[in-house]
Structures are given as structure tokens and as C-alpha cells.
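Contents: one structure, followed by commentary.
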Amino acid sequence: MTLLAKNWIKEWFGGLGQGALLCREIFQSLCRNRPSGKDLVYQMYFIGVKSQSVVAVTGAFTGMVLCAQSYIQFHKIQLDTATLAVVSVSMCAELGPVLTALMVAGRVGAAIAAEIGTMKVTEQIDALRTLATHPVDYLVAPRFLATLLVMPLLTAESICLGIFAAYVIGSFLLGINPTGNWYTMLNHTSVQDVVIGMIKAFIFGGIIAVVACFKGLNCAQGAEGVGRATTEAVVNASITILITNFFLTLFLTRLLE
Amino acid sequence: MIEARDIRKSFGSHEVLKGVTFTIARGEAVVIIGVSGGGKSILLKHLVGLLLPDRGEVWIDGQNTAPMDERQLLEVRRKFGMLFQGAALFDSLTVAENVGFVLNRAGQMSPAQIAERVAESLDLVGLDGTQQKMPAELSGGMRKRVGLARAIAYRPEILLYDEPTTGLDPIASDVIDQLIIRVVQKLKVTSVAVTHDMRSAARIGRRILMLHEGRIYADQTPEEIFKSKDPVVHRFVNGIADPKDVSF
């Protein structure tokens with residue numbers, strides 16, 4: 001048991017160290033060469049455009065559920081018009097960035113890890129290296145940059161749809177006064193909430209790309225290796241996002257107070 | 001010139017290379033033979049810096065690659081072209097994009113010049129006209145030929161072949177062997193192939209190194225290897241199992 005725990009800790013710190021080295025390599029790569037425009041646009045299309053349906057459904061239904069739940073509580077104390085404000089603040093600062101990141105981690109993180117992992121087991125990564133091309137320059141940097149750029153946009157889309165869906169549900173299904181609901185929302189949602197959400201989205205984008213690329217590049221041999229790398233990419237990215245979100249909330253709310 | 005000095009490599013507790021030393025002169029055509037799982041491909045990957053030795057050194061044209069980092073190794077690798085066992089073509093790119101990969105990334109040639117060089121390289125392996133095909137549309141033999149075209153497209157000085165005929169039928173194997181001979185003669189490159197196919201080794205090699213139990217066991221011409229009376233070499237060349245290995 002002690003040996004197992006020791007090995008786990010050793011592996012965990014080893015992975016953390018390798019992840020840090022990958023981050024350094026990505027930074028150096030971005031400083032040294034600009035990723036090709038074609039690669040970057042393709043990755044932004046794949047990560048951003050192709051994720052829109054998932055993100056839109058998540059944002060809209062989260063907004064609606066939150067609206068319904070908040071309304072039930074606020075209605076008891078005759079504060080119906082505070083519903084949209086609660087939805088808005090929650091969506092902007094917490095639920096929008098976190099749920100978008102979790103959905104993107106599932107869709108994009110898995111795809112990146114599986115693609116790079118398959119390239120690793122079929123010796124395509126070795127082929128890249130023999131063709132005098134650093135895998136980080138060719139594979140990781142464009143994906144990293146694309147994820148960083150599209151995550152705030154996807155999050156903004158999710159937040160807008162969440163608030164809009166909540167507004168529609170509140171006004172037409174729950175019978176909340178639309179003007180009062182909207183006015184209270186504007187009064188209680190600050191620029192700070194939106195900025196916090198965007199900063200978080202940007203950071204979560206980086207986490208998804210680094211974890212997925214790291215798992216793909218360090219994939220074990222065979223189909224099982226690719227499967228494990230894909231699963232670990234999604235699980236590790238999701239857990240890292242949830243833990244990071246807590247610390248970011250503490251840090252950013254103090255910083256932007 | 002390629003020089004391996006006392007290369008040692010272990011994976012876990014298993015020591016695969018136990019002190020491999022040899023020199024390959026410019027323009028030589030060398031074949032490394034040995035049993036499957038004996039470390040031939042591992043040795044080849046050390047030459048191009050895909051793996052670094054635990055101990056020992058690899059010198060390429062007077063440069064020791066052992067202490068180099070990945071970015072420094074990229075510069076050394078510009079001298080190399082490598083044909084992988086499974087060809088290792090990039091799935092998401094067309095044949096033309098695969099063959100012109102290095103030229104496109106280097107950005108020193110115009111698209112027309114790159115297209116011309118790609119066609120020339122594909123013509124050399126008998127596949128001109130397949131530029132727009134995807135790797136998934138090609139047979140095993142064609143994939144290896146495209147892999148070879150990719151390896152020679154940027155005119156490297158040293159060509160490495162990892163099991164070039166493995167998994168191919170005898171006719172396709174002969175085609176690959178003939179192509180390797182043609183490329184070596186036409187481009188005047190140093191060639192290092194790893195194989196356990198003795199027919200192929202005899203055709204493409206002017207010198208054969210036999211890797212046995214982690215060390216270079218024999219270093220002879222193909223004629224000498226085929227006539228060797230040494231029991232280990234004789235058994236391998238003629239495909240005769242050691243009695244110890246057949247005690248089921």
C-alpha cells in the first residue's frame with residue numbers, strides 16, 4: 001500500500017514536471033515561430049465552430065434550469081424579478097466558463113489526445129522529428145493558440161444563450177415581469193463578472209490544450225494506450241478546471257474588487 | 001560519417017544494447033541484421049537521435065549528438081531521411097503534402113518548385129500521378145514507396161530504412177529493394193537499413209553488421225556473411241533455430 005502510494009505520488013509529480021516542461025516548450029515555440037495561419041484557422045474551426053452546438057445546448061439549458069430553480073425560491077419571498085440577475089451573475093462568472101470548459105474538454109480534449117496519441121503509436125511523431133520538425137511547433141502550438149482564442153468566444157456564446165433562454169423562460173413560462181427582470185439583471189451584473197468569466201475561459205482553454213496534448217504525446221503503445229490517453233485527457237483536464245476555478249474565483253474577485 | 005561508440009540502452013531492467021560500436025563511412029550501404037526484438041530498430045533510432053543512449057555516444061559528421069537537446073538534434077536530422085517500418089505517413093495530408101512536407105515548412109522553394117520536386121521524387125519511386133491520393137487509399141507497398149519519396153524529397157545525405165520489406169509480398173519486397181538500390185546510386189547517399197530479411201540484406205547491402213545479444217557480433221561483406229561457418233551467423237542466415245529455442 002505504501003509502495004503504491006509512493007509510486008502514485010512519484011508519477012503525479014513526474015507528470016506535473018513534464019507538463020511544466022511542455023508549457024515552457026510551447027512558450028518557446030510561440031516566441032520562436034508563428035504557427036502557420038492555415039493550421040491555426042483549421043484548429044479554430046475544429047475547436048470553435050464545431051463545438052458550438054454542444055456549448056449552445058449546455059449554456060441554454062443551464063440558464064433555463066437555473067432560472068426555474070431560482071424562481072421557485074425567489075417567488076416565495078416575492079422577489080421574482082431578481083431571478084435573471086442570479087442567472088446572469090452565475091452564468092458570467094462561474095457556470096458559463098466552467099461548463100463550457102468541461103464540454104470542450106470532453107469534445108476537443110478527447111479528440112486532440114486521440115489524434116496525437118494515434119500519431120505517436122503509428123510513429124508519425126517520430127517521422128515528424130526525423131523531418132526536422134519539432135512536434136510542439138507543428139502539433140501543439142497551433143492547438144494551444146486556437147484553444148486560447150476560441151474559449152472566451154465560446155464562453156461568451158454560452159453565457160448569452162443561457163441568459164437569453166432564462167429570460168424567455170422567465171417571461172413566457174414562469175410569468176415574471178420581463179422589464180423588471182431585465183432591469184434587475186442589468187443592475188446587478190457588473191463588468192467585473194464578465195471579465196472574470198473571460199479570464200477563466202482563457203485559462204481553461206490553456207489547460208484543455210496542454211493536458212490533451214501532453215496525454216497524446218505521452219501515450220502508451222497500442223490501441224489501449226490511445227484509449228487510456230484519451231480518457232485521462234478528459235478526466236485530468238476536467239478535474240484541473242474544477243480545482244483551478246476555485247482558486248481563480250478567490251484570486252480574481254479579490255483582484256478586481 | 002556515422003560513428004557509434006559503446007552505445008548502451010536499457011528499458012526498465014532489460015538491457016537491449018550492451019555496448020554497440022561501429023563506423024559507417026560516407027556513401028556506404030550498410031545493413032544491420034539480427035533477430036526480431038534484438039534492438040535493431042532501437043539502434044537505428046539512436047543514429048537519428050530519436051532515442052538517446054544511456055551511455056555511449058553517436059557522432060554524425062564530427063558532432064556528438066548525445067548531449068544535444070531536441071532543437072539542436074533537429075539541425076542534425078536535416079542530414080537524415082528515414083523510411084519507417086509502417087511508412088508513418090501523415091494520415092491527414094495528401095501524398096503530395098507528405099512528400100513535400102519538409103520543403104513546404106522550410107519555405108525556401110516556390111509552390112511550383114515544390115510540386116516539381118514532389119513529382120520528381122514520386123517518379124523515382126514509380127508513383128508519379130498519386131499526388132492527390134490520401135495515405136488510406138494506398139496499399140502497403142505504395143505507402144512504403146511514398147515514405148521513401150518523402151525521405152528523399154529534400155535530398156538528405158544519409159538514408160535510414162527500418163525494416164523496409166517487412167509485411168510485403170516477395171514481389172513488393174523486390175520492388176522496394178530495387179528502389180533502395182536505385183536511390184543510393186542516383187543520389188549518392190549513405191544508406192543504413194535494418195532488416196531480418198536476408199534476401200533483402202544481400203541485395204541492398206555492401207556491408208552487413210549483425211547485432212546479436214546487444215552487441216555487433218559480425219561485420220562483414222554479404223558474401224562473407226553467407227559463407228560464414230560461425231554457428232550464430234550460419235543459423236541466422238539460413239533460418240535454423242537454436243535447439244535450445246525449440247524445446248517446447
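Chain identifiers are assigned as A, B, and so on, following the order in which chains appear in the C-alpha cells; residues are numbered from 1 within each chain, and ligands are numbered from 1 in order of appearance.
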
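Excluding region 24-38 of chain A itself and same-chain residues fewer than 6 positions from it, the residues having an atom within 6 Å of it are A:Asp137, A:Ala141, A:Pro142, counting only C-alpha atoms.
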
Using only C-alpha atoms and a distance of at most 9 Å, pull out the residues of chain A that contact chain B, as a compact mmCIF listing (two decimals) with N, CA and C atoms, in the first residue's frame.
# COMPACT_ATOMS: atom_id res chain seq x y z
N MET A 119 -0.99 9.29 -33.63
CA MET A 119 0.24 9.65 -34.37
C MET A 119 1.47 9.10 -33.66
N THR A 122 1.69 5.24 -34.21
CA THR A 122 1.97 4.85 -35.61
C THR A 122 3.28 5.48 -36.12
N GLU A 123 4.08 5.95 -35.21
CA GLU A 123 5.41 6.52 -35.49
C GLU A 123 5.37 7.82 -36.30
N GLN A 124 4.18 8.43 -36.39
CA GLN A 124 4.12 9.69 -37.15
C GLN A 124 4.83 10.83 -36.42
N ILE A 125 4.86 10.75 -35.08
CA ILE A 125 5.58 11.78 -34.31
C ILE A 125 7.08 11.62 -34.56
N ASP A 126 7.54 10.36 -34.56
CA ASP A 126 8.96 10.11 -34.87
C ASP A 126 9.28 10.59 -36.28
N ALA A 127 8.35 10.35 -37.20
CA ALA A 127 8.56 10.79 -38.59
C ALA A 127 8.70 12.31 -38.63
N LEU A 128 7.85 13.00 -37.87
CA LEU A 128 7.95 14.47 -37.80
C LEU A 128 9.33 14.89 -37.35
N ARG A 129 9.81 14.20 -36.29
CA ARG A 129 11.12 14.58 -35.74
C ARG A 129 12.24 14.31 -36.74
N THR A 130 12.14 13.20 -37.48
CA THR A 130 13.19 12.95 -38.48
C THR A 130 13.09 13.94 -39.64
N LEU A 131 11.90 14.52 -39.82
CA LEU A 131 11.76 15.53 -40.87
C LEU A 131 12.09 16.92 -40.32
N ALA A 132 12.90 16.93 -39.27
CA ALA A 132 13.42 18.16 -38.66
C ALA A 132 12.31 19.11 -38.22
N THR A 133 11.21 18.54 -37.75
CA THR A 133 10.09 19.36 -37.28
C THR A 133 9.80 19.00 -35.82
N HIS A 134 9.79 20.00 -34.97
CA HIS A 134 9.52 19.75 -33.55
C HIS A 134 8.01 19.50 -33.39

DSSP strand (DSSP E or B) residues within region 1-247 of chain B, as a ChimeraX atom specification
/B:2-11,14-24,29-33,55-60,63-64,80-83,158-162,190-195,207-212,215-220

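The list of residues with at least one atom within 12 Å of Gln131 (chain B), based on only C-alpha atoms and without residues fewer than 3 positions apart in the same chain, reads B:Leu93, B:Thr94, B:Val95, B:Ala96, B:Glu97, B:Asn98, B:Val99, B:Gly100, B:Ala115, B:Glu116, B:Arg117, B:Val118, B:Ala119, B:Glu120, B:Ser121, B:Leu122, B:Asp123, B:Gly126, B:Leu127, B:Asp128, B:Met134, B:Pro135, B:Glu137, B:Leu138, B:Val146, B:Ala149, B:Arg150.
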
Just give me the gap between CA of Val121 (chain A) and CA of Cys213 (chain A) in Å, one decimal is fine.
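Between these atoms lies a distance of 14.2 Å.
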
Met1 (chain B) surroundings by only C-alpha atoms, 8 Å radius, close-in-sequence under 2 positions cut, as a PyMOL selection string:
chain B and resi 3+23-26+59-62

Output of the above residues as a PDB file, in the first residue's frame, restricted to C-alpha atoms:
ATOM      1  CA  GLU B   3      30.123   6.632 -35.599  1.00  0.00           C
ATOM      2  CA  THR B  23      31.686   3.310 -38.010  1.00  0.00           C
ATOM      3  CA  ILE B  24      29.914   3.920 -41.302  1.00  0.00           C
ATOM      4  CA  ALA B  25      31.776   5.916 -43.935  1.00  0.00           C
ATOM      5  CA  ARG B  26      30.146   8.422 -46.294  1.00  0.00           C
ATOM      6  CA  TRP B  59      28.821  11.056 -33.781  1.00  0.00           C
ATOM      7  CA  ILE B  60      27.424  12.403 -37.042  1.00  0.00           C
ATOM      8  CA  ASP B  61      29.938  14.190 -39.256  1.00  0.00           C
ATOM      9  CA  GLY B  62      32.101  15.018 -36.248  1.00  0.00           C
TER      10      GLY B  62
END

Let's see if you can do this: from backbone DSSP, list all alpha helix (DSSP H) residues in region 9-241 of chain B, as JSON, numbers by chain.
{"B": [40, 41, 42, 43, 44, 45, 46, 47, 70, 71, 72, 73, 74, 75, 76, 77, 95, 96, 97, 98, 99, 101, 102, 103, 104, 105, 106, 111, 112, 113, 114, 115, 116, 117, 118, 119, 120, 121, 122, 123, 124, 140, 141, 142, 143, 144, 145, 146, 147, 148, 149, 150, 151, 152, 170, 171, 172, 173, 174, 175, 176, 177, 178, 179, 180, 181, 182, 183, 184, 185, 186, 187, 198, 199, 200, 201, 202, 203, 204, 222, 223, 224, 225, 226, 227, 231, 232, 233, 234, 235, 236, 237, 238]}

Set the distance at 9 Å and use only C-alpha atoms: which residues neighbour region 219-234 of chain B once local chain neighbours fewer than 5 positions away are removed? I'd like the list as a ChimeraX atom specification.
/B:22,201-203,205-210,212,239-240,242

Quick one: of B:Val192, B:Leu159, B:Ile2, B:Ala172, who's nearest to Lys144 (chain B), counting only C-alpha atoms?
B:Ala172

Contacts of Ile243 (chain A) at 12 Å (only C-alpha atoms; same-chain gap of 5+ positions) as a compact mmCIF listing (two decimals) with C-alpha atoms, in the first residue's frame:
# COMPACT_ATOMS: atom_id res chain seq x y z
CA VAL A 98 -16.79 26.15 -16.19
CA LYS A 200 -11.30 32.00 -16.61
CA PHE A 204 -9.30 26.91 -19.04
CA ILE A 207 -5.46 23.86 -19.51
CA ASN A 236 -7.48 15.27 -15.86
CA ALA A 237 -8.49 18.39 -17.78
CA SER A 238 -11.93 18.40 -16.14
CA LEU A 248 -9.32 31.69 -9.71
CA THR A 249 -12.60 32.74 -8.11
CA LEU A 250 -10.82 33.61 -4.86

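Picture a line from CA of Gln43 (chain A) to CA of Phe144 (chain A); it runs 9.2 Å.
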
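Between Ala29 (chain B) and the candidates B:Ile7, B:Met68, B:Ala241, B:Gln185, the tightest atom-to-atom separation, counting only C-alpha atoms, involves B:Gln185.
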
Two-atom distance - CA of Met64 (chain A), CA of Cys92 (chain A) (Å)
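So the two atoms, CA of Met64 (chain A) and CA of Cys92 (chain A), lie 14.5 Å apart.
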
So that I can check the surroundings of Thr230 (chain A), please list as a VMD selection string every protein, DNA and RNA residue that reaches within 12 Å of it, counting only C-alpha atoms and ignoring chain neighbours fewer than 5 positions away.
chain A and resid 105 to 118 211 to 220 223 to 225 235 to 237

Export of prior selection with N, CA and C atoms as an mmCIF file, in the first residue's frame:
data_model
loop_
_atom_site.group_PDB
_atom_site.id
_atom_site.type_symbol
_atom_site.label_atom_id
_atom_site.label_comp_id
_atom_site.auth_asym_id
_atom_site.auth_seq_id
_atom_site.Cartn_x
_atom_site.Cartn_y
_atom_site.Cartn_z
ATOM 1 N N ALA A 105 -13.561 20.300 -23.004
ATOM 2 C CA ALA A 105 -12.580 19.288 -22.584
ATOM 3 C C ALA A 105 -13.030 17.908 -23.060
ATOM 4 N N GLY A 106 -14.321 17.650 -22.954
ATOM 5 C CA GLY A 106 -14.849 16.351 -23.391
ATOM 6 C C GLY A 106 -14.740 16.168 -24.895
ATOM 7 N N ARG A 107 -15.113 17.185 -25.639
ATOM 8 C CA ARG A 107 -15.143 17.036 -27.103
ATOM 9 C C ARG A 107 -13.758 17.233 -27.715
ATOM 10 N N VAL A 108 -13.159 18.380 -27.411
ATOM 11 C CA VAL A 108 -11.894 18.732 -28.065
ATOM 12 C C VAL A 108 -10.705 18.031 -27.402
ATOM 13 N N GLY A 109 -10.710 17.999 -26.060
ATOM 14 C CA GLY A 109 -9.598 17.359 -25.356
ATOM 15 C C GLY A 109 -9.447 15.903 -25.774
ATOM 16 N N ALA A 110 -10.581 15.211 -25.857
ATOM 17 C CA ALA A 110 -10.529 13.800 -26.272
ATOM 18 C C ALA A 110 -10.019 13.674 -27.706
ATOM 19 N N ALA A 111 -10.499 14.550 -28.577
ATOM 20 C CA ALA A 111 -10.088 14.475 -29.989
ATOM 21 C C ALA A 111 -8.594 14.751 -30.148
ATOM 22 N N ILE A 112 -8.108 15.764 -29.439
ATOM 23 C CA ILE A 112 -6.678 16.114 -29.545
ATOM 24 C C ILE A 112 -5.816 14.961 -29.022
ATOM 25 N N ALA A 113 -6.183 14.443 -27.838
ATOM 26 C CA ALA A 113 -5.382 13.358 -27.244
ATOM 27 C C ALA A 113 -5.403 12.123 -28.144
ATOM 28 N N ALA A 114 -6.573 11.795 -28.705
ATOM 29 C CA ALA A 114 -6.665 10.604 -29.562
ATOM 30 C C ALA A 114 -5.867 10.795 -30.849
ATOM 31 N N GLU A 115 -5.944 11.984 -31.427
ATOM 32 C CA GLU A 115 -5.238 12.232 -32.692
ATOM 33 C C GLU A 115 -3.717 12.184 -32.492
ATOM 34 N N ILE A 116 -3.246 12.914 -31.485
ATOM 35 C CA ILE A 116 -1.796 12.939 -31.249
ATOM 36 C C ILE A 116 -1.320 11.566 -30.761
ATOM 37 N N GLY A 117 -2.147 10.911 -29.924
ATOM 38 C CA GLY A 117 -1.787 9.575 -29.426
ATOM 39 C C GLY A 117 -1.665 8.576 -30.567
ATOM 40 N N THR A 118 -2.603 8.633 -31.504
ATOM 41 C CA THR A 118 -2.541 7.720 -32.653
ATOM 42 C C THR A 118 -1.289 8.009 -33.491
ATOM 43 N N VAL A 211 -3.188 19.778 -21.330
ATOM 44 C CA VAL A 211 -3.427 18.427 -20.800
ATOM 45 C C VAL A 211 -3.647 17.432 -21.952
ATOM 46 N N ALA A 212 -4.460 17.825 -22.937
ATOM 47 C CA ALA A 212 -4.759 16.906 -24.049
ATOM 48 C C ALA A 212 -3.512 16.608 -24.872
ATOM 49 N N CYS A 213 -2.741 17.632 -25.181
ATOM 50 C CA CYS A 213 -1.513 17.422 -25.973
ATOM 51 C C CYS A 213 -0.509 16.597 -25.175
ATOM 52 N N PHE A 214 -0.405 16.887 -23.892
ATOM 53 C CA PHE A 214 0.538 16.144 -23.041
ATOM 54 C C PHE A 214 0.182 14.663 -23.011
ATOM 55 N N LYS A 215 -1.100 14.374 -22.834
ATOM 56 C CA LYS A 215 -1.532 12.969 -22.783
ATOM 57 C C LYS A 215 -1.313 12.287 -24.131
ATOM 58 N N GLY A 216 -1.570 13.000 -25.210
ATOM 59 C CA GLY A 216 -1.352 12.432 -26.542
ATOM 60 C C GLY A 216 0.114 12.152 -26.810
ATOM 61 N N LEU A 217 0.964 13.105 -26.464
ATOM 62 C CA LEU A 217 2.405 12.945 -26.731
ATOM 63 C C LEU A 217 3.026 11.853 -25.871
ATOM 64 N N ASN A 218 2.430 11.610 -24.697
ATOM 65 C CA ASN A 218 2.981 10.600 -23.787
ATOM 66 C C ASN A 218 2.135 9.329 -23.769
ATOM 67 N N CYS A 219 1.433 9.102 -24.849
ATOM 68 C CA CYS A 219 0.540 7.947 -24.950
ATOM 69 C C CYS A 219 1.341 6.640 -24.993
ATOM 70 N N ALA A 220 0.821 5.622 -24.300
ATOM 71 C CA ALA A 220 1.493 4.311 -24.331
ATOM 72 C C ALA A 220 1.173 3.609 -25.650
ATOM 73 N N ALA A 223 -3.642 0.242 -29.095
ATOM 74 C CA ALA A 223 -4.983 0.833 -29.044
ATOM 75 C C ALA A 223 -5.366 1.153 -27.598
ATOM 76 N N GLU A 224 -4.938 0.298 -26.677
ATOM 77 C CA GLU A 224 -5.262 0.514 -25.263
ATOM 78 C C GLU A 224 -4.625 1.814 -24.766
ATOM 79 N N GLY A 225 -3.399 2.036 -25.223
ATOM 80 C CA GLY A 225 -2.676 3.256 -24.837
ATOM 81 C C GLY A 225 -3.409 4.501 -25.299
ATOM 82 N N VAL A 235 -10.525 13.388 -18.194
ATOM 83 C CA VAL A 235 -10.674 13.381 -16.727
ATOM 84 C C VAL A 235 -9.725 14.401 -16.087
ATOM 85 N N ASN A 236 -8.451 14.360 -16.479
ATOM 86 C CA ASN A 236 -7.475 15.270 -15.862
ATOM 87 C C ASN A 236 -7.779 16.734 -16.181
ATOM 88 N N ALA A 237 -8.168 16.991 -17.425
ATOM 89 C CA ALA A 237 -8.486 18.385 -17.782
ATOM 90 C C ALA A 237 -9.695 18.858 -16.979
#
